[in-house]
Structures are given as C-alpha cells and as structure tokens.
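What follows is one structure encoded as structure tokens, with my remarks underneath.
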Amino acid sequence: MNILFLSDNFPPESNAPASRLFDHARAWVRKGHRVTVVTCAPNFPEGKVFEGYHNRWYSVEWLEGIRVVRVKSYITANEGFARRSLDYASFMVSGYLAGLLQERPDVIVATSPQFFCAVGGWALAASRRLPFVFELRDLWPASIVAVGAMRESPVIQALEKLELFLYRRADKIVAVTEAFREDLQARGIDPRKIEVVRNGVDLSSCIPRKRDAALEKEYRLEGKFVAGYLGTHGMAHGLMSIVDAAERLRERESIAFFFAGSGAERVRVEEEVKRRGLDNVRMIPRQPKERVSALWSLCDVALIPLRNDPLFCTVIPSKLFEAMGYGIPVIASLPEGETTEIVRKEGCGLVIEAENPGLLARSLERLATSPQECARLSAAALRAAPRYSRENQATRMERILLELAKSP
C-alpha cells in the first residue's frame with residue numbers, strides 16, 4: 001500500500017501529532033508499505049525553523065524509511081489566531097500542490113487539530129480521485145472557543161460549516177477518542193465511517209530508568225519529590241493552577257515543580273513564577289526528542305492538567321500514555337471523561353478536580369509522603385502501558401487504510 005499523509009507537524013518536532021504520525025508511519029514501513037509525509041519545515045511551537053532546516057519551497061529527506069517532503073509555509077509562533085490561521089492556510093496550499101507531484105498513492109490521510117490541513121487533504125484526494133481519511137485529533141473550532149482564543153462569531157460559524165463539510169466528505173474519520181465519535185454521531189455524521197484509534201506510547205523508547213544524576217544536579221533537584229509537566233504549554237492546559245499549587249507548597253522544600261516545553265502560555269507561566277518568587281519551580285525550554293527519556297527520569301509524578309471546560313471531557317492527553325510507558329504515576333486534574341476513566345481503570349494515578357490548586361497541592365503532599373503508594377501506582381502504570389502500545393494502534397489504523405485502498 002502507498003500512503004500519502006499530510007501533516008504540518010513531524011519530527012524533529014516532538015508534539016503529540018508529530019510523534020503519533022512518526023510512530024505509525026515507522027510501523028507501516030516495517031510492514032512493507034510505502035509512506036510519504038508532506039509537511040513543512042520544523043518550527044513548532046516557537047515559530048523558529050529548527051537548526052539544520054530551511055523554509056524552502058520543496059525538499060525531500062528520508063527518515064527511517066519514510067519519505068518526507070517539506071514545503072514552504074508562513075511560519076509563526078503557536079500564539080495569535082490570525083497569524084496561526086495564515087500559517088495553517090499557507091501549508092494547506094503548498095501541501096496540496098506538493099501532493100499533486102507525488103507518485104499516485106492508494107489513500108490520502110490528513111490530520112487535525114486545525115482543519116486547513118484536512119481541507120488540503122480532501123482537495124488533493126478529490127483532484128486525484130482517491131479515498132480520503134480525516135484523522136480527527138481535536139474538535140476544532142469548538143476548542144478555540146473553549147480556551148478563550150475566540151468568541152462565538154460569524155467566523156466560528158463558518159469554521160463549523162467547514163468542519164461538517166469535511167466530516168461528510170471524508171471516506172473515513174479516524175478519531176482519537178470515543179467521545180469524538182459520539183459527538184460526530186450526535187451531529188448527524190454516518191457512524192459507519194467513524195473509527196477510533198486512540199493515542200498511545202512507543203514502548204521501545206519508553207524504558208524506565210534511574211534518575212539522571214547530571215540533570216538532577218543541573219536543575220537543583222537532588223533529594224526532591226518532583227512533579228513534572230513535560231509538553232506543550234498551551235491555552236487548554238490550565239497551567240496557572242500548577243503555579244498556584246506551587247505557591248501553596250513553597251515552604252515544602254522537599255517538593256519541586258519541573259516544567260519542560262514551549263507554547264502559547266509559556267511566557268505567562270514564566271512571568272508569574274518570577275513575579276511570585278517561586279524558588280520551588282524549575283522551567284526549561286523545549287528539548288530535543290532524544291533528551292526526553294532523561295527528563296522523564298527526573299519526575300516522581302506526571303501532572304496532566306486541562307482547563308475546567310466541558311469540551312475537555314472528550315480529550316485524552318497523549319502524555320498520559322507516555323507517563324505509563326515510563327512507569328510514572330499521574331495526577332490527572334481535568335474534567336470527568338475518557339481520561340479520568342482510563343486513570344481509574346488502570347489504577348495508575350490520582351484523579352482530582354480540574355483547576356483546583358488546593359487539591360493539587362494536597363495530592364502532591366500525599367504522594368510525596370507515601371513511597372508505597374507511589375510504587376503501587378508506578379507498577380500499575382507499567383502493567384497498563386502495553387495495552388496502549390503505538391504498535392497496536394498503528395496496526396488498527398493500517399487495517400482501516402487497507403480496507404479503503406482495496407475498495408473499488
């Protein structure tokens with residue numbers, strides 16, 4: 001099977017869409033399929049092209065058997081609706097044009113969370129009369145409204161019409177949560193075309209290890225119980241509740257907070273930490289993917305927060321599965337939904353109310369003084385991780401694509 005995949009995120013970017021696609025594509029290549037990914041120069045989330053890359057009109061590279069076609073796009077940081085929309089729209093056009101130049105595939109896949117990429121994928125599939133698969137990672141534009149980036153307006157209404165258009169035109173929709181499937185069905189989308197392939201973890205790269213002594217010393221974490229937030233610092237994550245919890249625990253010298261990553265809320269979090277003089281918080285920028293394992297080794301518990309909005313009942317943060325792979329207990333502070341259901345079912349962490357810094361602080365104190373409970377949660381996480389392996393999820397999606405590729 002020859003797969004053509006459009007995504008504006010791909011390694012060396014290390015966010016959730018890039019990691020999911022890379023892991024799936026590697027698995028498909030190992031099974032003998034040909035995979036071409038059309039993407040742009042790596043720049044997420046700072047909006048700066050990564051070292052060694054250039055924002056060129058067209059270039060080709062190979063990455064572990066995957067043919068990667070990079071195209072020129074308007075590049076901006078992951079903040080500001082207008083500029084990001086221009087970024088997305090430019091990739092939609094350049095990705096579509098580059099897709100026309102590729103050897104005829106059997107199926108075309110395009111991913112969200114934003115829909116401009118999916119528009120490019122649909123237009124390309126329509127032009128070449130090929131099956132189109134929409135990988136649905138976010139209920140966009142509802143999430144724009146939920147995080148307060150935009151209010152209900154004619155623009156949002158137009159985006160909702162575009163959203164439904166894409167759902168109806170897709171031959172298959174691969175959603176990452178059951179809640180997404182239910183939402184689409186409630187809005188009249190044919191349930192027969194909706195499949196669910198959740199996010200997962202690449203177990204080959206998530207190997208539990210002892211705390212990295214050099215990094216522990218570098219970030220002044222010796223002897224600390226470390227609560228880690230690793231990943232995109234976005235508007236959806238409610239990160240100020242972590243800052244508030246850190247302020248409540250500033251006198252507990254044995255507990256430290258560790259942030260690693262970048263995003264739209266990064267500067268705001270940094271400014272608040274500095275303004276409040278929180279010496280118990282360490283913040284470092286986004287790190288290369290090869291350093292992620294060492295960073296996770298510093299964490300005694302993984303913080304998985306989301307804002308207290310009903311929309312986020314439908315979301316499963318991918319860092320949950322990564323924490324499982326490393327055997328790190330989690331504190332899930334988000335609305336009740338699929339994530340809280342998984343954490344309770346697997347027994348891999350604590351579930352608390354979203355954006356409740358007092359409860360978060362008390363939960364951290366509880367775990368920091370109970371190594372036995374932490375060990376129990378860690379063991380449960382490691383037992384659960386294979387059920388969410390990326391290899392299994394890639395196989396499930398492969399079957400969906402093969403079915404479409406073979407259809408007349």
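Quick note on naming: the chains in the structure tokens go A, B, ... in the order shown, residues restart at 1 in each chain, and ligands are numbered from 1 in order of appearance.
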Just the alpha helix (DSSP H) stuff from segment 101-270 of chain A, please, per backbone DSSP, written as a PyMOL selection string. chain A and resi 116-128+142-146+154-169+178-186+213-218+240-248+266-270
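The neighbours of Val301 of chain A here are the residues that come within 6 Å of it, using only C-alpha atoms and leaving out any residue fewer than 4 positions away in the same chain; they are Ala227, Ile328, Pro329 and Val330 of chain A.
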Within 7 Å of segment 360-364 of chain A, counting only C-alpha atoms, which residues show up once you throw out same-chain ones fewer than 4 positions away? Write them as a VMD selection string, please. chain A and resid 245 248 to 249 356 368
Could you pull the residues within 7 Å of segment 46-57 of chain A, counting only C-alpha atoms, minus those fewer than 2 positions along the same chain, as a list of chain:residue names?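 My reading of the contact set: A:Ala41, A:Pro42, A:Asn43, A:Phe44, A:Ser59, A:Val71, A:Lys72, A:Ile75, A:Thr76, A:Ala77, A:Asn78, A:Ser262, A:Gly263.
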Keeping N, CA and C atoms, export the residues of the selection given above as a tab-separated table (two decimals), in the first residue's frame.
```tsv
chain	number	residue	atom	x	y	z
A	41	ALA	N	8.72	22.91	7.20
A	41	ALA	CA	9.96	22.96	7.97
A	41	ALA	C	9.63	22.91	9.45
A	42	PRO	N	10.35	22.11	10.23
A	42	PRO	CA	10.04	22.01	11.67
A	42	PRO	C	10.23	23.35	12.36
A	43	ASN	N	9.18	23.78	13.09
A	43	ASN	CA	9.26	25.09	13.75
A	43	ASN	C	8.39	25.19	14.99
A	44	PHE	N	7.62	24.15	15.31
A	44	PHE	CA	6.64	24.21	16.40
A	44	PHE	C	7.32	24.00	17.74
A	59	SER	N	11.62	20.27	-0.60
A	59	SER	CA	12.81	19.46	-0.32
A	59	SER	C	12.36	18.07	0.11
A	71	VAL	N	7.62	21.46	2.55
A	71	VAL	CA	7.23	22.56	1.67
A	71	VAL	C	7.27	23.88	2.43
A	72	LYS	N	7.29	24.97	1.69
A	72	LYS	CA	7.36	26.29	2.27
A	72	LYS	C	6.01	26.69	2.86
A	75	ILE	N	5.49	30.96	8.60
A	75	ILE	CA	5.84	30.41	9.92
A	75	ILE	C	5.65	31.46	11.00
A	76	THR	N	4.97	31.06	12.06
A	76	THR	CA	4.78	31.94	13.21
A	76	THR	C	4.72	31.10	14.47
A	77	ALA	N	4.87	31.75	15.61
A	77	ALA	CA	4.79	31.03	16.88
A	77	ALA	C	3.36	30.54	17.11
A	78	ASN	N	3.23	29.57	18.01
A	78	ASN	CA	1.93	28.98	18.30
A	78	ASN	C	1.12	29.88	19.23
A	262	SER	N	7.41	24.37	25.48
A	262	SER	CA	7.11	25.72	25.00
A	262	SER	C	5.66	25.76	24.55
A	263	GLY	N	5.18	26.96	24.25
A	263	GLY	CA	3.81	27.11	23.79
A	263	GLY	C	3.25	28.48	24.11
```
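What separates atom CA of Pro11 of chain A from atom CA of Cys313 of chain A is a distance of 28.4 Å.
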Write out as a list in words which residues come within 10 Å of Leu367 of chain A when counting only C-alpha atoms, dropping same-chain ones fewer than 2 positions away.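 Selected residues are Phe225, Asp300, Val301, Pro329, Ile331, Gly349, Leu350, Arg362, Ser363, Leu364, Glu365, Thr369, Ser370, Pro371, Gln372, Glu373, Cys374 and Ala375 of chain A.
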Report the residues of segment 151-276 of chain A whose backbone DSSP state falls under strand (DSSP E), written as a PDB file with C-alpha atoms, in the first residue's frame.
```pdb
ATOM      1  CA  LYS A 172     -13.274   7.509   6.844  1.00  0.00           C
ATOM      2  CA  ILE A 173     -12.812   9.554  10.004  1.00  0.00           C
ATOM      3  CA  VAL A 174     -10.229   8.231  12.454  1.00  0.00           C
ATOM      4  CA  ALA A 175     -10.951   9.874  15.806  1.00  0.00           C
ATOM      5  CA  ILE A 194     -16.098   6.738  12.053  1.00  0.00           C
ATOM      6  CA  GLU A 195     -13.327   4.659  13.621  1.00  0.00           C
ATOM      7  CA  VAL A 196     -11.442   5.246  16.861  1.00  0.00           C
ATOM      8  CA  PHE A 225       9.978  14.894  45.106  1.00  0.00           C
ATOM      9  CA  VAL A 226       9.484  16.202  41.542  1.00  0.00           C
ATOM     10  CA  ALA A 227       6.118  16.969  39.954  1.00  0.00           C
ATOM     11  CA  GLY A 228       6.740  17.235  36.222  1.00  0.00           C
ATOM     12  CA  TYR A 229       4.867  18.868  33.378  1.00  0.00           C
ATOM     13  CA  LEU A 230       6.509  17.911  30.082  1.00  0.00           C
ATOM     14  CA  ILE A 255       8.688  19.165  46.733  1.00  0.00           C
ATOM     15  CA  ALA A 256       9.702  20.776  43.429  1.00  0.00           C
ATOM     16  CA  PHE A 257       7.862  21.537  40.191  1.00  0.00           C
ATOM     17  CA  PHE A 258       9.531  20.943  36.828  1.00  0.00           C
ATOM     18  CA  PHE A 259       8.256  22.411  33.539  1.00  0.00           C
ATOM     19  CA  ALA A 260       9.809  21.471  30.170  1.00  0.00           C
TER      20      ALA A 260
END
```
For atom CA of Arg104 of chain A and atom CA of Asp23 of chain A, the interatomic separation in Å (one decimal):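 It comes out at 23.1 Å.
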Expressed in Å to a single decimal, how great is the separation between atom CA of Ile242 of chain A and atom CA of Thr314 of chain A?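 So the two atoms, atom CA of Ile242 of chain A and atom CA of Thr314 of chain A, lie 21.6 Å apart.
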Ranking A:His233, A:Ile316, A:Arg168, A:Glu336 by minimum distance to Pro285 of chain A and counting only C-alpha atoms, which one comes first?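 Looking at the shortest contact to Pro285 of chain A, the residue is A:His233.
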From the list A:Val107, A:Glu265, A:Tyr74, A:Ser85, which residue is nearest Met1 of chain A when using only C-alpha atoms?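 Of the candidates, the smallest distance to Met1 of chain A is held by A:Val107.
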